[in-house]
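Participant: Dropping in target07.cif, which is mmCIF, C-alpha atoms and all ligand atoms:
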```cif
data_structure
loop_
_atom_site.group_PDB
_atom_site.id
_atom_site.type_symbol
_atom_site.label_atom_id
_atom_site.label_comp_id
_atom_site.auth_asym_id
_atom_site.auth_seq_id
_atom_site.Cartn_x
_atom_site.Cartn_y
_atom_site.Cartn_z
ATOM 1 C CA MET A 1 0.000 0.000 0.000
ATOM 2 C CA GLY A 2 1.462 3.299 -1.084
ATOM 3 C CA GLY A 3 0.330 6.871 -0.912
ATOM 4 C CA THR A 4 -0.854 6.886 -4.518
ATOM 5 C CA LYS A 5 -1.496 3.242 -5.319
ATOM 6 C CA CYS A 6 -1.994 -0.158 -3.761
ATOM 7 C CA VAL A 7 -0.544 -3.164 -5.569
ATOM 8 C CA CYS A 8 -2.338 -6.419 -4.731
ATOM 9 C CA THR A 9 -0.581 -9.654 -5.623
ATOM 10 C CA LEU A 10 -1.593 -13.294 -5.326
ATOM 11 C CA GLY A 11 1.228 -15.804 -5.534
ATOM 12 C CA THR A 12 4.127 -17.412 -3.759
ATOM 13 C CA GLY A 13 7.049 -15.355 -5.123
ATOM 14 C CA PRO A 14 8.386 -13.384 -8.091
ATOM 15 C CA ASP A 15 8.371 -16.455 -10.356
ATOM 16 C CA ASP A 16 4.884 -17.515 -9.343
ATOM 17 C CA ILE A 17 2.542 -14.549 -9.508
ATOM 18 C CA ARG A 18 -0.995 -15.804 -10.162
ATOM 19 C CA ALA A 19 -2.738 -12.437 -10.184
ATOM 20 C CA GLN A 20 -1.789 -8.806 -9.697
ATOM 21 C CA GLU A 21 -3.844 -5.655 -9.751
ATOM 22 C CA THR A 22 -3.176 -2.019 -8.902
ATOM 23 C CA LEU A 23 -5.837 0.069 -7.202
ATOM 24 C CA PRO A 24 -5.628 3.803 -6.582
ATOM 25 C CA THR A 25 -5.238 4.838 -2.926
ATOM 26 C CA ARG A 26 -8.381 6.830 -2.172
ATOM 27 C CA ASP A 27 -10.009 7.279 1.231
ATOM 28 C CA PRO A 28 -9.886 4.160 3.442
ATOM 29 C CA ALA A 29 -13.658 3.537 3.245
ATOM 30 C CA THR A 30 -13.284 3.142 -0.539
ATOM 31 C CA THR A 31 -9.836 1.616 -0.842
ATOM 32 C CA LEU A 32 -9.915 -1.111 1.818
ATOM 33 C CA PRO A 33 -13.226 -2.716 0.747
ATOM 34 C CA ALA A 34 -12.060 -2.575 -2.894
ATOM 35 C CA MET A 35 -8.943 -4.548 -1.928
ATOM 36 C CA ALA A 36 -10.962 -7.009 0.161
ATOM 37 C CA ASP A 37 -13.397 -7.578 -2.742
ATOM 38 C CA LEU A 38 -10.489 -8.254 -5.083
ATOM 39 C CA LEU A 39 -8.916 -10.738 -2.665
ATOM 40 C CA SER A 40 -12.286 -12.487 -2.186
ATOM 41 C CA ARG A 41 -12.684 -12.860 -5.935
ATOM 42 C CA TRP A 42 -9.172 -14.270 -6.251
ATOM 43 C CA ASN A 43 -9.760 -16.553 -3.277
ATOM 44 C CA THR A 44 -12.668 -18.280 -5.013
ATOM 45 C CA GLY A 45 -11.641 -17.820 -8.646
ATOM 46 C CA VAL A 46 -7.827 -18.016 -8.845
ATOM 47 C CA GLY A 47 -6.463 -19.828 -5.814
ATOM 48 C CA ALA A 48 -7.148 -20.234 -2.113
ATOM 49 C CA ILE A 49 -5.392 -17.580 -0.036
ATOM 50 C CA GLU A 50 -3.307 -19.128 2.758
ATOM 51 C CA ALA A 51 -1.973 -15.923 4.324
ATOM 52 C CA ILE A 52 -2.184 -12.186 3.795
ATOM 53 C CA GLY A 53 0.721 -9.776 4.037
ATOM 54 C CA VAL A 54 0.298 -6.022 4.127
ATOM 55 C CA ALA A 55 3.278 -3.705 3.568
ATOM 56 C CA SER A 56 2.029 -0.180 3.988
ATOM 57 C CA PHE A 57 3.039 3.438 4.139
ATOM 58 C CA GLY A 58 3.402 4.546 7.732
ATOM 59 C CA PRO A 59 3.849 5.375 10.394
ATOM 60 C CA ILE A 60 2.267 2.178 11.676
ATOM 61 C CA ASP A 61 1.911 1.009 15.269
ATOM 62 C CA LEU A 62 3.649 -2.373 15.233
ATOM 63 C CA ARG A 63 3.907 -2.860 19.007
ATOM 64 C CA ARG A 64 2.031 -6.006 19.845
ATOM 65 C CA ASP A 65 1.356 -4.723 23.377
ATOM 66 C CA SER A 66 -0.186 -1.466 22.151
ATOM 67 C CA PRO A 67 -3.946 -0.763 22.104
ATOM 68 C CA HIS A 68 -3.316 0.738 18.656
ATOM 69 C CA TYR A 69 -1.409 -2.274 17.326
ATOM 70 C CA GLY A 70 -1.917 -2.638 13.565
ATOM 71 C CA ARG A 71 -3.136 0.910 13.080
ATOM 72 C CA ILE A 72 -1.783 3.667 10.883
ATOM 73 C CA GLY A 73 -0.378 6.571 12.903
ATOM 74 C CA ALA A 74 -0.318 10.313 12.320
ATOM 75 C CA THR A 75 -0.105 10.311 8.533
ATOM 76 C CA PRO A 76 -0.875 13.514 6.666
ATOM 77 C CA LYS A 77 -2.829 11.376 4.144
ATOM 78 C CA ALA A 78 -6.421 12.507 4.510
ATOM 79 C CA GLY A 79 -8.607 10.030 6.387
ATOM 80 C CA TRP A 80 -5.922 7.396 6.984
ATOM 81 C CA ALA A 81 -4.710 8.386 10.466
ATOM 82 C CA ASN A 82 -5.719 5.780 13.053
ATOM 83 C CA VAL A 83 -7.127 3.326 10.471
ATOM 84 C CA ALA A 84 -7.050 -0.239 11.857
ATOM 85 C CA LEU A 85 -5.401 -1.945 8.882
ATOM 86 C CA LEU A 86 -4.557 -5.293 10.420
ATOM 87 C CA GLU A 87 -8.007 -5.684 11.964
ATOM 88 C CA PHE A 88 -9.695 -4.844 8.677
ATOM 89 C CA PHE A 89 -8.166 -7.813 6.864
ATOM 90 C CA ALA A 90 -8.136 -10.143 9.875
ATOM 91 C CA LYS A 91 -11.912 -9.707 10.334
ATOM 92 C CA ARG A 92 -12.669 -10.553 6.717
ATOM 93 C CA PHE A 93 -10.309 -13.453 6.044
ATOM 94 C CA ALA A 94 -9.843 -16.532 8.209
ATOM 95 C CA VAL A 95 -6.113 -16.768 7.452
ATOM 96 C CA PRO A 96 -3.007 -15.360 9.189
ATOM 97 C CA VAL A 97 -2.544 -11.660 8.438
ATOM 98 C CA GLY A 98 0.829 -9.925 8.792
ATOM 99 C CA LEU A 99 1.533 -6.212 8.660
ATOM 100 C CA THR A 100 4.700 -4.193 8.313
ATOM 101 C CA THR A 101 5.951 -0.992 6.693
ATOM 102 C CA ASP A 102 6.531 -0.615 2.952
ATOM 103 C CA VAL A 103 10.308 -0.412 3.393
ATOM 104 C CA ILE A 104 10.613 -3.320 5.828
ATOM 105 C CA GLY A 105 8.504 -5.339 3.370
ATOM 106 C CA ALA A 106 10.788 -4.407 0.476
ATOM 107 C CA ALA A 107 13.846 -5.303 2.559
ATOM 108 C CA LEU A 108 12.331 -8.708 3.395
ATOM 109 C CA ALA A 109 11.590 -9.294 -0.307
ATOM 110 C CA GLU A 110 15.173 -8.412 -1.247
ATOM 111 C CA GLY A 111 16.431 -10.797 1.440
ATOM 112 C CA ARG A 112 14.192 -13.627 0.237
ATOM 113 C CA TRP A 113 14.388 -13.210 -3.545
ATOM 114 C CA GLY A 114 16.555 -10.214 -4.491
ATOM 115 C CA ASP A 115 20.042 -8.831 -4.021
ATOM 116 C CA ALA A 116 20.252 -9.374 -0.284
ATOM 117 C CA ARG A 117 19.918 -13.155 -0.370
ATOM 118 C CA LYS A 118 22.232 -14.874 2.145
ATOM 119 C CA LEU A 119 22.940 -11.534 3.865
ATOM 120 C CA THR A 120 22.095 -11.133 7.553
ATOM 121 C CA ASP A 121 22.539 -7.360 7.761
ATOM 122 C CA PHE A 122 21.343 -5.015 5.050
ATOM 123 C CA VAL A 123 19.201 -1.976 4.400
ATOM 124 C CA TYR A 124 16.614 -1.130 1.762
ATOM 125 C CA VAL A 125 16.296 2.629 1.252
ATOM 126 C CA THR A 126 13.557 4.199 -0.839
ATOM 127 C CA VAL A 127 13.885 7.716 -2.188
ATOM 128 C CA GLY A 128 10.544 8.800 -3.623
ATOM 129 C CA THR A 129 7.745 11.004 -2.360
ATOM 130 C CA GLY A 130 9.276 10.336 1.039
ATOM 131 C CA ILE A 131 12.464 8.667 2.220
ATOM 132 C CA GLY A 132 12.388 5.506 4.278
ATOM 133 C CA ALA A 133 14.713 2.681 5.197
ATOM 134 C CA GLY A 134 13.996 -0.924 6.165
ATOM 135 C CA LEU A 135 16.807 -2.263 8.345
ATOM 136 C CA ILE A 136 17.520 -5.958 8.670
ATOM 137 C CA VAL A 137 20.019 -6.649 11.441
ATOM 138 C CA ALA A 138 21.083 -10.168 12.434
ATOM 139 C CA GLY A 139 18.376 -11.491 10.119
ATOM 140 C CA LYS A 140 15.508 -9.545 11.680
ATOM 141 C CA SER A 141 13.884 -6.215 10.918
ATOM 142 C CA VAL A 142 14.887 -3.610 13.461
ATOM 143 C CA PHE A 143 12.071 -2.657 15.777
ATOM 144 C CA GLY A 144 12.603 -1.179 19.202
ATOM 145 C CA CYS A 145 9.841 0.980 20.596
ATOM 146 C CA HIS A 146 8.892 1.974 17.019
ATOM 147 C CA HIS A 147 9.969 1.169 13.482
ATOM 148 C CA PRO A 148 12.960 3.313 12.492
ATOM 149 C CA GLU A 149 12.184 6.532 10.588
ATOM 150 C CA LEU A 150 15.573 7.103 9.016
ATOM 151 C CA GLY A 151 14.150 9.456 6.411
ATOM 152 C CA HIS A 152 14.085 12.010 9.198
ATOM 153 C CA VAL A 153 17.684 11.660 10.328
ATOM 154 C CA ARG A 154 19.600 14.921 10.667
ATOM 155 C CA ILE A 155 22.706 15.069 8.550
ATOM 156 C CA ALA A 156 25.786 17.229 7.948
ATOM 157 C CA ARG A 157 24.870 19.803 5.312
ATOM 158 C CA PHE A 158 26.619 20.095 1.980
ATOM 159 C CA ALA A 159 29.287 22.813 2.411
ATOM 160 C CA GLY A 160 27.805 26.220 1.722
ATOM 161 C CA ASP A 161 24.239 24.971 1.287
ATOM 162 C CA THR A 162 21.780 26.861 3.464
ATOM 163 C CA TRP A 163 18.462 25.962 1.791
ATOM 164 C CA PRO A 164 16.100 25.415 4.757
ATOM 165 C CA GLY A 165 14.610 22.119 3.525
ATOM 166 C CA SER A 166 10.977 21.099 3.155
ATOM 167 C CA CYS A 167 10.143 18.692 5.992
ATOM 168 C CA PRO A 168 7.177 20.179 7.889
ATOM 169 C CA PHE A 169 8.581 18.743 11.125
ATOM 170 C CA HIS A 170 12.345 19.219 10.786
ATOM 171 C CA GLY A 171 13.118 21.420 7.802
ATOM 172 C CA ASP A 172 16.466 20.134 6.604
ATOM 173 C CA CYS A 173 16.296 16.501 7.721
ATOM 174 C CA LEU A 174 17.195 13.974 5.000
ATOM 175 C CA GLU A 175 13.645 13.790 3.629
ATOM 176 C CA GLY A 176 13.439 17.576 3.695
ATOM 177 C CA LEU A 177 16.521 17.745 1.452
ATOM 178 C CA ALA A 178 16.490 14.708 -0.822
ATOM 179 C CA SER A 179 12.924 13.404 -1.336
ATOM 180 C CA GLY A 180 11.334 14.001 -4.751
ATOM 181 C CA PRO A 181 9.114 16.838 -3.490
ATOM 182 C CA ALA A 182 12.060 18.425 -1.610
ATOM 183 C CA ILE A 183 14.179 18.392 -4.767
ATOM 184 C CA ALA A 184 11.285 19.904 -6.720
ATOM 185 C CA ALA A 185 10.667 22.576 -4.069
ATOM 186 C CA ARG A 186 14.306 23.604 -4.118
ATOM 187 C CA ALA A 187 14.420 23.723 -7.917
ATOM 188 C CA GLY A 188 11.047 25.382 -8.345
ATOM 189 C CA THR A 189 10.250 22.794 -11.023
ATOM 190 C CA THR A 190 9.653 19.030 -11.176
ATOM 191 C CA ALA A 191 12.577 16.824 -10.156
ATOM 192 C CA GLY A 192 12.428 15.152 -13.563
ATOM 193 C CA SER A 193 13.151 18.387 -15.416
ATOM 194 C CA ILE A 194 16.351 19.271 -13.513
ATOM 195 C CA PRO A 195 19.394 18.741 -15.783
ATOM 196 C CA VAL A 196 21.831 15.999 -14.770
ATOM 197 C CA GLY A 197 24.585 18.625 -14.531
ATOM 198 C CA SER A 198 22.683 20.768 -12.016
ATOM 199 C CA ALA A 199 24.381 21.424 -8.670
ATOM 200 C CA ILE A 200 21.130 20.339 -6.990
ATOM 201 C CA TRP A 201 21.988 16.679 -7.655
ATOM 202 C CA GLU A 202 25.281 17.149 -5.792
ATOM 203 C CA THR A 203 23.353 18.189 -2.684
ATOM 204 C CA VAL A 204 20.968 15.237 -3.108
ATOM 205 C CA ALA A 205 23.793 12.709 -3.521
ATOM 206 C CA HIS A 206 25.569 14.258 -0.543
ATOM 207 C CA ALA A 207 22.461 13.976 1.646
ATOM 208 C CA LEU A 208 21.876 10.326 0.689
ATOM 209 C CA ALA A 209 25.566 9.517 1.237
ATOM 210 C CA GLN A 210 25.199 10.990 4.724
ATOM 211 C CA LEU A 211 22.457 8.445 5.413
ATOM 212 C CA ALA A 212 24.793 5.707 4.140
ATOM 213 C CA HIS A 213 27.520 7.066 6.480
ATOM 214 C CA VAL A 214 25.120 6.900 9.438
ATOM 215 C CA LEU A 215 24.153 3.333 8.511
ATOM 216 C CA VAL A 216 27.767 2.188 8.108
ATOM 217 C CA VAL A 217 28.768 3.521 11.523
ATOM 218 C CA THR A 218 25.657 2.280 13.331
ATOM 219 C CA VAL A 219 24.377 -1.084 12.074
ATOM 220 C CA ALA A 220 27.302 -1.710 9.661
ATOM 221 C CA PRO A 221 25.210 -3.372 6.967
ATOM 222 C CA GLN A 222 26.795 -5.801 4.495
ATOM 223 C CA ARG A 223 24.971 -3.989 1.681
ATOM 224 C CA ILE A 224 22.734 -0.945 1.138
ATOM 225 C CA LEU A 225 20.081 -1.038 -1.593
ATOM 226 C CA PHE A 226 18.784 2.284 -2.891
ATOM 227 C CA GLY A 227 15.433 2.209 -4.697
ATOM 228 C CA GLY A 228 12.391 4.422 -5.226
ATOM 229 C CA GLY A 229 11.240 6.793 -7.944
ATOM 230 C CA VAL A 230 14.024 9.352 -7.573
ATOM 231 C CA ILE A 231 16.844 6.788 -7.760
ATOM 232 C CA SER A 232 15.324 4.800 -10.632
ATOM 233 C CA ALA A 233 14.724 7.978 -12.681
ATOM 234 C CA GLN A 234 18.175 9.435 -11.905
ATOM 235 C CA PRO A 235 20.683 6.587 -12.269
ATOM 236 C CA HIS A 236 23.607 9.055 -12.115
ATOM 237 C CA LEU A 237 22.913 9.433 -8.378
ATOM 238 C CA LEU A 238 24.260 6.020 -7.315
ATOM 239 C CA PRO A 239 27.889 6.595 -8.421
ATOM 240 C CA ARG A 240 27.723 10.038 -6.833
ATOM 241 C CA ILE A 241 26.442 8.591 -3.562
ATOM 242 C CA ARG A 242 29.285 6.027 -3.556
ATOM 243 C CA LYS A 243 31.857 8.745 -4.139
ATOM 244 C CA SER A 244 30.403 11.046 -1.508
ATOM 245 C CA LEU A 245 30.256 8.204 1.035
ATOM 246 C CA ALA A 246 33.940 7.433 0.489
ATOM 247 C CA LEU A 247 34.806 11.097 0.997
ATOM 248 C CA SER A 248 32.645 11.313 4.093
ATOM 249 C CA LEU A 249 34.081 8.198 5.752
ATOM 250 C CA ASN A 250 37.568 9.437 4.849
ATOM 251 C CA SER A 251 39.261 6.006 5.002
ATOM 252 C CA TYR A 252 38.279 5.604 8.640
ATOM 253 C CA LEU A 253 36.987 2.052 8.309
ATOM 254 C CA HIS A 254 38.366 -0.847 6.278
ATOM 255 C CA ILE A 255 35.441 -3.093 5.524
ATOM 256 C CA PRO A 256 35.916 -5.788 2.855
ATOM 257 C CA GLU A 257 32.265 -5.530 1.707
ATOM 258 C CA MET A 258 32.832 -1.862 0.957
ATOM 259 C CA ALA A 259 35.928 -2.442 -1.153
ATOM 260 C CA ASP A 260 33.597 -3.500 -3.965
ATOM 261 C CA ARG A 261 32.062 -0.053 -4.159
ATOM 262 C CA ASP A 262 29.604 -0.877 -6.939
ATOM 263 C CA GLY A 263 28.372 -3.869 -4.988
ATOM 264 C CA TYR A 264 28.019 -2.208 -1.611
ATOM 265 C CA ILE A 265 25.593 0.505 -2.628
ATOM 266 C CA ARG A 266 23.390 -0.706 -5.424
ATOM 267 C CA PRO A 267 19.844 -0.698 -6.776
ATOM 268 C CA PRO A 268 17.404 -3.365 -5.521
ATOM 269 C CA GLY A 269 17.733 -6.695 -7.323
ATOM 270 C CA LEU A 270 13.956 -6.864 -7.690
ATOM 271 C CA GLY A 271 13.878 -3.354 -9.155
ATOM 272 C CA THR A 272 10.546 -1.601 -8.812
ATOM 273 C CA ALA A 273 8.944 -4.942 -7.858
ATOM 274 C CA ALA A 274 10.689 -4.860 -4.453
ATOM 275 C CA GLY A 275 7.822 -2.894 -2.878
ATOM 276 C CA PRO A 276 4.928 -5.012 -4.181
ATOM 277 C CA LEU A 277 6.828 -8.233 -3.434
ATOM 278 C CA GLY A 278 7.278 -6.965 0.120
ATOM 279 C CA ALA A 279 3.656 -7.851 0.830
ATOM 280 C CA LEU A 280 4.242 -11.411 -0.432
ATOM 281 C CA ALA A 281 7.340 -11.714 1.745
ATOM 282 C CA VAL A 282 5.319 -10.608 4.780
ATOM 283 C CA ALA A 283 2.595 -13.118 3.923
ATOM 284 C CA ALA A 284 5.166 -15.913 3.583
ATOM 285 C CA ASP A 285 6.842 -14.998 6.896
ATOM 286 C CA THR A 286 3.491 -14.752 8.675
ATOM 287 C CA TYR A 287 2.372 -18.118 7.304
ATOM 288 C CA ALA A 288 5.630 -19.763 8.377
ATOM 289 C CA GLU A 289 5.358 -18.181 11.845
ATOM 290 C CA ARG A 290 1.766 -19.309 12.420
ATOM 291 C CA THR A 291 2.221 -22.819 11.120
ATOM 292 C CA ALA A 292 5.572 -23.482 12.834
HETATM 293 P P1 LIG B 1 6.195 6.804 -3.806
HETATM 294 O O1 LIG B 1 7.351 7.346 -3.046
HETATM 295 O O2 LIG B 1 5.103 7.810 -3.993
HETATM 296 O O3 LIG B 1 5.698 5.504 -3.266
HETATM 297 P P2 LIG B 1 8.038 6.417 -6.022
HETATM 298 O O4 LIG B 1 9.074 5.701 -5.272
HETATM 299 O O5 LIG B 1 7.743 5.915 -7.406
HETATM 300 O O6 LIG B 1 6.645 6.475 -5.292
HETATM 301 O O7 LIG B 1 8.503 7.934 -6.125
HETATM 302 C C1 LIG B 1 7.710 8.893 -6.729
HETATM 303 C C2 LIG B 1 8.432 10.213 -6.615
HETATM 304 O O8 LIG B 1 9.565 10.219 -7.458
HETATM 305 C C3 LIG B 1 7.602 11.388 -7.043
HETATM 306 O O9 LIG B 1 6.953 11.964 -5.921
HETATM 307 C C4 LIG B 1 8.627 12.364 -7.590
HETATM 308 O O10 LIG B 1 8.983 13.265 -6.557
HETATM 309 C C5 LIG B 1 9.844 11.522 -7.892
HETATM 310 N N1 LIG B 1 10.105 11.488 -9.337
HETATM 311 C C6 LIG B 1 9.253 11.133 -10.324
HETATM 312 N N2 LIG B 1 9.845 11.255 -11.518
HETATM 313 C C7 LIG B 1 11.113 11.677 -11.299
HETATM 314 C C8 LIG B 1 12.235 12.000 -12.133
HETATM 315 N N3 LIG B 1 12.183 11.883 -13.469
HETATM 316 N N4 LIG B 1 13.366 12.409 -11.525
HETATM 317 C C9 LIG B 1 13.438 12.530 -10.187
HETATM 318 N N5 LIG B 1 12.421 12.260 -9.355
HETATM 319 C C10 LIG B 1 11.272 11.843 -9.894
HETATM 320 ZN ZN ZN B 2 11.782 15.305 8.816
#
```
Spell out the structure here as structure tokens.
Facilitator:
Amino acid sequence: MGGTKCVCTLGTGPDDIRAQETLPTRDPATTLPAMADLLSRWNTGVGAIEAIGVASFGPIDLRRDSPHYGRIGATPKAGWANVALLEFFAKRFAVPVGLTTDVIGAALAEGRWGDARKLTDFVYVTVGTGIGAGLIVAGKSVFGCHHPELGHVRIARFAGDTWPGSCPFHGDCLEGLASGPAIAARAGTTAGSIPVGSAIWETVAHALAQLAHVLVVTVAPQRILFGGGVISAQPHLLPRIRKSLALSLNSYLHIPEMADRDGYIRPPGLGTAAGPLGALAVAADTYAERTA
């Protein structure tokens, strides 16, 4: 489930997708029943559903001990704050239902089927309308008292850059500097129409490399995958991020995984399917958990 569209998929993995349909994200009273109707039709017409996985935009309350467990939090998306997502599906389908964030889902999909297979510690970062990161550490998604919100990390600014940033909460946090809308706000035009040679991309690459720096010195991932609409539309960013990360770390750490610079920071192996496959990965994990 994303801010603009919800991709519903029936299957067991990327090589076995039995049905897939994209629905626009409207208000919850329209969108959720439309998804449930689709799943019901598939359940009787295509193949029996054994588990449901939901990977959604957040924030989401994922604390099992919370009275708001399974609900969307304070999203600016009209009508969606406090919506009981998990309960909605669990009430309608007599199968295990799992819920996580869009980026944790994508990270799980990359770990199961994509470019993070066999890795125990890795991160999936999306740079699109917002910025988010799904962290897998020691084989599990990181969750303390909340899911991480690394899009809102504060970073060292690009030298000489004083643009105040566009995050309504923090101004020049990472999302306020490097999300698609932030880039567009700074440029005064759409991100897609900024020339590759523009200095704006230097500030964007710098900001994203700062996130990579933070990740390297905190959870020390074996690999960082960068996906999302901004990265896929601007492939020149990845080499710039790698270069800026090397400059930022300044030879402080000698990590074999990072010696292969192209391999350490790279696009998701599943490409733009990483997000939609995240829901399948959650379903598979939930099924395995409940039937263990
Ligand atoms: P979302 O984040 O909404 O789930 P995406 O990851 O596909 O979806 O990202 C969409 C965002 O990508 C848009 O909000 C826009 O800011 C940005 N974007 C779209 N086209 C381009 C482009 N050509 N260059 C840079 N950014 C773009
Ligand atoms: Zn912020």
Participant: Show me which residues line ligand ZN 2 (chain B), defined as having an atom within 8 Å of a ligand atom where all atoms listed in the file count, and present them as a count of residues only.
Facilitator: 13
Participant: Got a sec to check which residues lie within 10 Å of ligand LIG 1 (chain B), using all atoms listed in the file, and send them as a ChimeraX atom specification?
Facilitator: /A:1-6,56-57,102,126-132,178-185,190-196,201,227-235,272,275
Participant: For the point (-12.4, -2.6, -1.8) in the file's frame, write as a ChimeraX atom specification all residues with an atom no more than 12 Å away, counting all atoms listed in the file.
Facilitator: /A:6,8,22-41,88-89,92
Participant: Write the selection just made, keeping C-alpha atoms, as a PDB file, keeping the file's coordinate frame?
Facilitator:
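Okay, again-v5.pdb is ready:
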```pdb
ATOM      1  CA  CYS A   6      -1.994  -0.158  -3.761  1.00  0.00           C
ATOM      2  CA  CYS A   8      -2.338  -6.419  -4.731  1.00  0.00           C
ATOM      3  CA  THR A  22      -3.176  -2.019  -8.902  1.00  0.00           C
ATOM      4  CA  LEU A  23      -5.837   0.069  -7.202  1.00  0.00           C
ATOM      5  CA  PRO A  24      -5.628   3.803  -6.582  1.00  0.00           C
ATOM      6  CA  THR A  25      -5.238   4.838  -2.926  1.00  0.00           C
ATOM      7  CA  ARG A  26      -8.381   6.830  -2.172  1.00  0.00           C
ATOM      8  CA  ASP A  27     -10.009   7.279   1.231  1.00  0.00           C
ATOM      9  CA  PRO A  28      -9.886   4.160   3.442  1.00  0.00           C
ATOM     10  CA  ALA A  29     -13.658   3.537   3.245  1.00  0.00           C
ATOM     11  CA  THR A  30     -13.284   3.142  -0.539  1.00  0.00           C
ATOM     12  CA  THR A  31      -9.836   1.616  -0.842  1.00  0.00           C
ATOM     13  CA  LEU A  32      -9.915  -1.111   1.818  1.00  0.00           C
ATOM     14  CA  PRO A  33     -13.226  -2.716   0.747  1.00  0.00           C
ATOM     15  CA  ALA A  34     -12.060  -2.575  -2.894  1.00  0.00           C
ATOM     16  CA  MET A  35      -8.943  -4.548  -1.928  1.00  0.00           C
ATOM     17  CA  ALA A  36     -10.962  -7.009   0.161  1.00  0.00           C
ATOM     18  CA  ASP A  37     -13.397  -7.578  -2.742  1.00  0.00           C
ATOM     19  CA  LEU A  38     -10.489  -8.254  -5.083  1.00  0.00           C
ATOM     20  CA  LEU A  39      -8.916 -10.738  -2.665  1.00  0.00           C
ATOM     21  CA  SER A  40     -12.286 -12.487  -2.186  1.00  0.00           C
ATOM     22  CA  ARG A  41     -12.684 -12.860  -5.935  1.00  0.00           C
ATOM     23  CA  PHE A  88      -9.695  -4.844   8.677  1.00  0.00           C
ATOM     24  CA  PHE A  89      -8.166  -7.813   6.864  1.00  0.00           C
ATOM     25  CA  ARG A  92     -12.669 -10.553   6.717  1.00  0.00           C
TER      26      ARG A  92
END
```
Participant: With all atoms listed in the file as the atoms that count, which of A:Glu202, A:Asp121, A:Glu110, A:Asp262 lies nearest to A:Ala281?
Facilitator: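 Of A:Glu202, A:Asp121, A:Glu110, A:Asp262, the one nearest A:Ala281 is A:Glu110, counting all atoms listed in the file.
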Participant: Quick check, in Å to one decimal: how far apart do atom CA of A:Pro267 and atom CA of A:Phe226 lie?
Facilitator: 5.0 Å
Participant: Taking the file as shown, what set of residues would the PyMOL selection byres (((chain A and resi 10) around 8) and not hetatm) give back, as a ChimeraX atom specification?
Facilitator: /A:8-9,11-12,17-20,42,49,280
Participant: Rounded to one decimal, what separation in Å do you get between atom CA of A:Ala212 and atom CA of A:Val103?
Facilitator: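 It comes out at 15.7 Å.
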